[in-house]
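**Student:** Have a look at this one before I ask anything.
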Amino acid sequence: MAIDSAVAAPPLPPTEQGKGHRSSEPLSDRLTSILRHDLPSSIVVFLVALPLSLGIAVASGAPVAAGLIAAVIGGIVAGTLGGSILQVSGPAAGLTVVVAESINQFGWRTTTFIVVAAGVLQILFGLSRIARAALAVAPVVVHAMLAGIGITIALQQVHVLLGGSSHSSAWNNITQLPSQLLSLHGDDAIIGAVVIAIMLGWRRVPAKVRVVPGPLVAVLVGTVLSLVLPFEAERIVLNGSLFDAIGLPQIPSGNWSAVALMILTVALIASVESLLSAVAVDKMHTGKRTNFDRELIGQGSANVLSGLLGGLPVTGVIVRSATNVQAGARSRASAILHGCWILLFSVVLAGVVQQIPKSALAGLLIVIGIQLVKLAHIKMARRTGDLLIYAVTIVSVVFLNLLEGVIIGLALAFGLLLWRVVRVAVAATQIPGSQRWLLTIDGSCTFLALPKLSAEFAKVPAGVDVTVEMTVDFLDHAAFEAIEDWVRQQESAGGAVDFVEIGSARMAHATAGPPARGFGRAVLDEILGPWRGDDANADRVTSGVAAYHRSHAHVVRPHLDELRDRQDPDTFFLTCADSRVVPNVITNSGPGDMFTVRNVGNLVPDSGDASVEAALVFALNELNVRSIVVCGHSSCGAMKALHSGADTGPGIEPWLAHAHPSLEQFQLGHPVAQAAAAAGFGEVDQLSMVNVAVQLETLHRHPAVRAAMTERDVTVSGLFFDIASARVIEVTVNGLAHIDDNGARVTPELV
């Protein structure tokens with residue numbers, strides 16, 4: 001995104017700030033809001049934009065007035081027509097290098113024609129509704145592009161700060177720096193150093209002082225210093241008034257291919273910068289979101305008019321926009337007014353501009369350039385494995401040109417993406433203590449993997465038994481054929497090859513149609529979903545075991561191998577025998593984590609039950625579990641029978657008698673029942689939750705549990721599994737709490 005200042009991006013505004021203007025508001029309220037919020041914020045943005053517009057024009061090699069013209073038009077035209085309510089547009093550092101190259105190659109008046117044509121192209125982008133496609137640029141390339149621009153600007157302006165002039169290329173700026181230091185112009189260097197010191201130290205001054213923008217203070221102090229002290233600093237030159245600087249573009253006389261390439265470069269970079277800036281601004285306020293197509297139309301319209309009047313290209317710029325939001329802007333009126341203030345200043349106070357030393361603006365631009373290189377971006381590129389892209393793009397932008405640098409960066413990013421997407425890991429190893437070999441294939445298995453597959457196949461001795469574990473999400477016909485041919489050779493030599501396929505792309509489907517990337521959801525459904533099919537006579541347990549061996553056994557085998565001699569569960573988990581409750585699924589736990597006991601209605605008989613009693617005491621005294629959990633569920637058959645009073649027969653009735661205390665508490669209006677009713681649950685589910693609370697009370701009275709709570713801080717808690725929503729709710733002895741996705745407990749009103 002375009003960065004136009006060394007001012008740190010301000011903190012996010014209060015929630016009441018940045019709320020987009022609503023057309024349904026009465027006119028009087030809208031005027032009041034503009035006067036109260038947008039007018040003050042427009043003045044703050046104006047004070048930030050003024051010195052930056054001048055500096056960017058100087059750095060581009062364009063007339064100084066071109067920066068002011070672009071700032072005025074960016075504020076008024078893009079502010080009026082753009083799709084972002086609070087974005088502020090104007091000349092930005094991101095296009096400085098491109099404009100400088102265009103002026104050097106075609107001249108200033110032809111460059112303004114390029115700006116006009118780029119604006120027309122942007123309007124066409126907006127009308128064709130492809131704005132969001134411009135966001136499909138790797139962020140690391142954008143960050144590196146801005147960093148490369150920043151380094152280029154800094155290298156250029158160091159020479160200006162030292163009293164000289166910048167050279168045509170970054171390499172010349174570097175090689176000529178020693179000679180420039182030997183011919184140092186002390187007056188310019190002192191002014192520039194003061195500006196740099198103020199810019200870098202502005203964050204450390206008191207907050208009340210920081211209300212005044214740092215760039216304005218820095219340039220103002222540098223200007224006053226040049227006037228008070230006996231300095232002979234070179235100053236900005238304005239040839240006449242702002243209106244005198246207006247001039248029509250010049251149509252190129254030839255070399256149209258180079259002109260067309262420059263038009264496309266300006267249009268693309270300006271569009272991407274504006275859209276990325278708009279995305280960032282949207283994150284800073286709670287108002288209306290950006291209409292990206294309209295934003296491109298607004299930016300294009302501003303560039304057409306700016307080019308026609310002799311101005312620099314216009315883009316959306318993040319720091320001015322962030323300042324606008326922080327200052328309390330509520331509508332696009334702030335951006336429009338800031339353009340009006342720049343116009344007023346340029347016409348009435350043009351003489352003030354000519355007092356500014358070039359070295360002051362050079363110091364300002366050096367800080368801007370340096371701060372375009374973000375340490376956070378470098379760290380992110382390193383963490384994400386994109387540091388090579390970042391470094392190559394920067395070097396290419398600095399030592400070649402902006403367009404070539406971006407193209408090289410994008411090509412490298414695409415190549416790295418392609419490598420990451422299609423790469424596959426293949427490894428053949430002998431299983432320790434066995435004659436069997438293990439061949440693992442993980443990733444996207446395509447014809448590009450054939451050399452790696454062939455190399456690993458060659459490691460496996462002929463005639464041995466092999467287990468092939470495939471975690472593959474894409475399998476094309478070439479890879480399938482290579483694997484099939486190797487399997488045939490292995491089996492013909494007397495070996496057996498067993499496939500374990502956990503990936504979404506399967507060998508059996510490889511010849512059924514064109515290869516397609518599988519989806520992990522299908523695999524998840526296969527692992528967790530219930531049996532399906534119409535064959536009532538099928539031996540589903542046997543077929544399920546076979547599927548487990550084929551697809552999932554190798555996943556849990558390493559974990560089970562660690563538990564072969566002992567178990568060390570963390571939790572005693574008592575739940576209902578209902579087939580819809582799968583404890584390890586709803587608690588996201590695995591083998592060895594929970595010592596589970598199931599019975600009808602998840603009951604803890606107060607009078608003692610041999611099964612529950614034995615399991616509970618064993619878990620506490622022998623396994624030293626650290627928590628006890630009772631889990632009920634919705635639509636519980638035991639609770640339905642208990643609630644209705646239906647005759648359940650001699651086999652069930654004695655057991656359900658242990659739940660009569662739960663029914664009594666429910667009928668007396670237990671607090672858990674009240675909380676469940678308030679949350680919208682029916683009476684049977686309310687009874688189920690009360691039943692969990694009553695079982696918790698029973699456990700608290702159990703001698704072994706009391707001793708464990710006292711001696712080892714064992715916890716006792718309750719859960720309720722709502723089958724319809726697949727959500728789990730915490731149940732206490734007197735209420736409910738919702739467990740959110742981060743493990744936090746939410747008040748019952750939100751259940």
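Residues in the structure tokens are named by chain (A, B, ... in the order shown) and by number from 1 within that chain; ligands are numbered from 1 in the order shown.
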Got a sec: who's within 9 Å of region 365-376 of chain A, counting only C-alpha atoms, leaving out chain neighbours fewer than 6 positions off, as a PyMOL selection string?

**Tutor:** chain A and resi 3-7+52+55-56+59+93+143-144+146-158+161+196+199-200

**Student:** Could you pull out the strand (DSSP E or B) residues of region 370-515 of chain A, going by DSSP on the backbone, and write them as an MDAnalysis selection string?

**Tutor:** chainID A and resid 424:430 437:445 466:475 497:501

**Student:** Distance CA of Pro357 (chain A)-CA of Ile236 (chain A), one decimal place?

**Tutor:**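 Computing it gives 6.1 Å between the two atoms.
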
**Student:** Determine the nearest neighbour of Arg330 (chain A) from the options A:Gly287, A:Pro178, A:Gly163, A:Gly433, counting only C-alpha atoms.

**Tutor:**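 That would be A:Gly287, the residue with the smallest distance to Arg330 (chain A).
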
**Student:** State, in Å with one decimal place, the distance from CA of Gln435 (chain A) to CA of Ala546 (chain A).

**Tutor:**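 Atom-to-atom, CA of Gln435 (chain A) to CA of Ala546 (chain A), that is 22.9 Å.
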
**Student:** Quick one: of A:Leu337, A:Ala641, A:Val259, A:Leu560, who's nearest to Ile114 (chain A), counting only C-alpha atoms?

**Tutor:**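 So, comparing all the options, the nearest one is A:Val259.
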
**Student:** Can you tell me, as a tab-separated table (two decimals) with C-alpha atoms, in the first residue's frame, what residues are no more than 9 Å from Asn621 (chain A) when counting only C-alpha atoms, ignoring any on the same chain fewer than 5 positions away?

**Tutor:**
```tsv
chain	number	residue	atom	x	y	z
A	616	LEU	CA	-14.30	-44.72	39.95
A	704	ALA	CA	-12.85	-41.38	47.58
A	708	ALA	CA	-8.83	-36.89	46.05
```

**Student:** Counting only C-alpha atoms, which residues of region 568-620 of chain A fall within 12 Å of region 682-697 of chain A, and what is the closest atom pair for each with its distance in Å at one decimal, ordered by chain and rising number, as a Markdown table?

**Tutor:**
```
| residue | atom | partner | partner_atom | distance |
| --- | --- | --- | --- | --- |
| A:Leu574 | CA | A:Gln695 | CA | 10.0 |
| A:Thr575 | CA | A:Val692 | CA | 9.6 |
| A:Cys576 | CA | A:Ser688 | CA | 10.6 |
| A:Val600 | CA | A:Ser688 | CA | 11.9 |
| A:Gly601 | CA | A:Ser688 | CA | 8.3 |
| A:Asn602 | CA | A:Val692 | CA | 7.8 |
| A:Leu603 | CA | A:Gln695 | CA | 6.5 |
| A:Val604 | CA | A:Gln695 | CA | 5.9 |
| A:Pro605 | CA | A:Gln695 | CA | 8.3 |
| A:Asp606 | CA | A:Gln695 | CA | 8.8 |
```

**Student:** What separation in Å, quoted to one decimal, exists between CA of Ala360 (chain A) and CA of Leu181 (chain A)?

**Tutor:** 17.8 Å

**Student:** I need the alpha helix (DSSP H) residues of region 676-719 of chain A per DSSP on the backbone, written as JSON, numbers by chain.

**Tutor:** {"A": [676, 677, 678, 683, 684, 685, 686, 687, 688, 689, 690, 691, 692, 693, 694, 695, 696, 697, 698, 699, 700, 701, 703, 704, 705, 706, 707, 708, 709, 710, 711, 712]}

**Student:** Do you know which residues are at most 8 Å from region 210-216 of chain A counting only C-alpha atoms, after dropping those on the same chain fewer than 2 positions away, and could you put them as a list in words?

**Tutor:**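 Non-adjacent residues within range: Ser5, Ala6, Val7, Val44, Leu47, Val48, Leu50, Pro51, Leu52, Ile198, Met199, Trp202, Arg203, Val205, Pro206, Ala207, Lys208, Ala218, Val219, Leu220 and Leu364 of chain A.
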
**Student:** If we count only C-alpha atoms and set the cut-off at 6 Å, which residues sit around Ser444 (chain A), ignoring sequence neighbours fewer than 2 positions away in its own chain? Please answer as a ChimeraX atom specification.

**Tutor:** /A:422-424,472-474

**Student:** Would you please work out which residue, of A:Met709, A:Ala245, A:Ala577, A:Leu668, is nearest to Val625 (chain A) when using only C-alpha atoms?

**Tutor:**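 Nearest candidate to Val625 (chain A) out of A:Met709, A:Ala245, A:Ala577, A:Leu668: A:Met709.
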
**Student:** Using only C-alpha atoms, which residues sit within 10 Å of Pro63 (chain A) once same-chain residues fewer than 5 positions away are excluded, as a PyMOL selection string?

**Tutor:** chain A and resi 54+57-58+68+108+236-239+245+310-312

**Student:** Suppose we keep all heavy atoms; can you now write the selection as a short mmCIF file (atom, residue, chain, number, x, y, z; two decimals), in the first residue's frame?

**Tutor:**
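Output contents, as saved in again-v2.cif:
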```
data_model
loop_
_atom_site.label_atom_id
_atom_site.label_comp_id
_atom_site.auth_asym_id
_atom_site.auth_seq_id
_atom_site.Cartn_x
_atom_site.Cartn_y
_atom_site.Cartn_z
N LEU A 54 4.94 18.35 -1.60
CA LEU A 54 6.08 19.10 -2.14
C LEU A 54 7.30 18.19 -2.27
O LEU A 54 7.98 18.19 -3.30
CB LEU A 54 6.40 20.27 -1.21
CG LEU A 54 5.32 21.35 -1.08
CD1 LEU A 54 5.69 22.34 0.02
CD2 LEU A 54 5.11 22.08 -2.41
N ALA A 57 7.06 15.67 -5.16
CA ALA A 57 7.27 16.31 -6.45
C ALA A 57 8.75 16.54 -6.70
O ALA A 57 9.27 16.27 -7.80
CB ALA A 57 6.51 17.64 -6.51
N VAL A 58 9.46 17.01 -5.69
CA VAL A 58 10.90 17.24 -5.84
C VAL A 58 11.63 15.93 -6.10
O VAL A 58 12.51 15.84 -6.97
CB VAL A 58 11.45 17.92 -4.57
CG1 VAL A 58 12.97 17.98 -4.62
CG2 VAL A 58 10.87 19.31 -4.42
N LEU A 68 1.34 19.79 -5.69
CA LEU A 68 0.19 20.49 -5.11
C LEU A 68 -1.07 20.24 -5.92
O LEU A 68 -2.16 20.04 -5.36
CB LEU A 68 0.49 21.99 -5.02
CG LEU A 68 1.68 22.39 -4.14
CD1 LEU A 68 1.96 23.88 -4.25
CD2 LEU A 68 1.40 22.00 -2.69
N TRP A 108 8.46 15.88 -19.14
CA TRP A 108 7.37 16.11 -18.18
C TRP A 108 6.00 16.15 -18.85
O TRP A 108 5.05 15.52 -18.39
CB TRP A 108 7.62 17.40 -17.40
CG TRP A 108 6.41 17.83 -16.60
CD1 TRP A 108 5.70 18.98 -16.71
CD2 TRP A 108 5.76 17.07 -15.58
NE1 TRP A 108 4.66 19.00 -15.82
CE2 TRP A 108 4.67 17.83 -15.11
CE3 TRP A 108 5.99 15.81 -15.02
CZ2 TRP A 108 3.81 17.38 -14.12
CZ3 TRP A 108 5.15 15.37 -14.02
CH2 TRP A 108 4.08 16.14 -13.56
N ILE A 236 13.22 25.85 -2.85
CA ILE A 236 12.23 25.45 -3.86
C ILE A 236 11.89 26.64 -4.73
O ILE A 236 11.79 27.78 -4.25
CB ILE A 236 10.97 24.90 -3.17
CG1 ILE A 236 11.28 23.55 -2.51
CG2 ILE A 236 9.82 24.74 -4.14
CD1 ILE A 236 10.12 22.99 -1.73
N VAL A 237 11.69 26.38 -6.01
CA VAL A 237 11.33 27.44 -6.95
C VAL A 237 9.96 27.15 -7.54
O VAL A 237 9.72 26.06 -8.07
CB VAL A 237 12.37 27.55 -8.08
CG1 VAL A 237 11.95 28.61 -9.08
CG2 VAL A 237 13.75 27.87 -7.51
N LEU A 238 9.05 28.12 -7.39
CA LEU A 238 7.74 28.05 -8.03
C LEU A 238 7.70 29.06 -9.15
O LEU A 238 7.87 30.27 -8.92
CB LEU A 238 6.62 28.34 -7.02
CG LEU A 238 6.15 27.21 -6.13
CD1 LEU A 238 5.10 27.71 -5.14
CD2 LEU A 238 5.58 26.07 -6.94
N ASN A 239 7.50 28.60 -10.36
CA ASN A 239 7.44 29.51 -11.51
C ASN A 239 6.04 30.06 -11.64
O ASN A 239 5.18 29.49 -12.32
CB ASN A 239 7.86 28.78 -12.79
CG ASN A 239 9.30 28.30 -12.72
OD1 ASN A 239 10.16 29.00 -12.19
ND2 ASN A 239 9.56 27.11 -13.25
N ALA A 245 1.09 27.09 -13.45
CA ALA A 245 1.72 25.78 -13.66
C ALA A 245 0.83 24.83 -14.44
O ALA A 245 1.30 23.77 -14.89
CB ALA A 245 2.08 25.16 -12.32
N GLY A 310 -1.60 19.03 -15.39
CA GLY A 310 -0.17 19.07 -15.13
C GLY A 310 0.23 18.61 -13.75
O GLY A 310 1.19 19.13 -13.17
N GLY A 311 -0.49 17.63 -13.22
CA GLY A 311 -0.19 17.13 -11.88
C GLY A 311 0.41 15.74 -11.89
O GLY A 311 0.41 15.04 -12.91
N LEU A 312 0.94 15.34 -10.75
CA LEU A 312 1.49 14.00 -10.56
C LEU A 312 0.36 12.96 -10.53
O LEU A 312 -0.81 13.32 -10.31
CB LEU A 312 2.27 13.93 -9.25
CG LEU A 312 3.61 14.68 -9.19
CD1 LEU A 312 4.12 14.69 -7.74
CD2 LEU A 312 4.63 14.04 -10.10
#
```

**Student:** Could you list, as number ranges by chain, every residue within 12 Å of Leu453 (chain A), counting only C-alpha atoms and ignoring same-chain residues fewer than 2 positions away?

**Tutor:** A: 423-428, 439-442, 445-451, 455-460, 478-486

**Student:** Closest to Leu225 (chain A) among A:Val353, A:Val195, A:Ile652, A:Ala322, using only C-alpha atoms?

**Tutor:**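 Among A:Val353, A:Val195, A:Ile652, A:Ala322, it is A:Val195 that comes nearest to Leu225 (chain A).
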
**Student:** From the set A:Val217, A:Val629, A:Val597, A:Val497, which residue has the shortest atom-to-atom contact distance to Ala615 (chain A), counting only C-alpha atoms?

**Tutor:**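 The answer is A:Val597, which sits nearest to Ala615 (chain A).
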
**Student:** With only C-alpha atoms as the basis for distance, which of A:Ala138, A:Ala510, A:Ala659, A:Leu27 is at the shortest distance from Leu412 (chain A)?

**Tutor:**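 With only C-alpha atoms as the atom set, the closest residue is A:Ala138.
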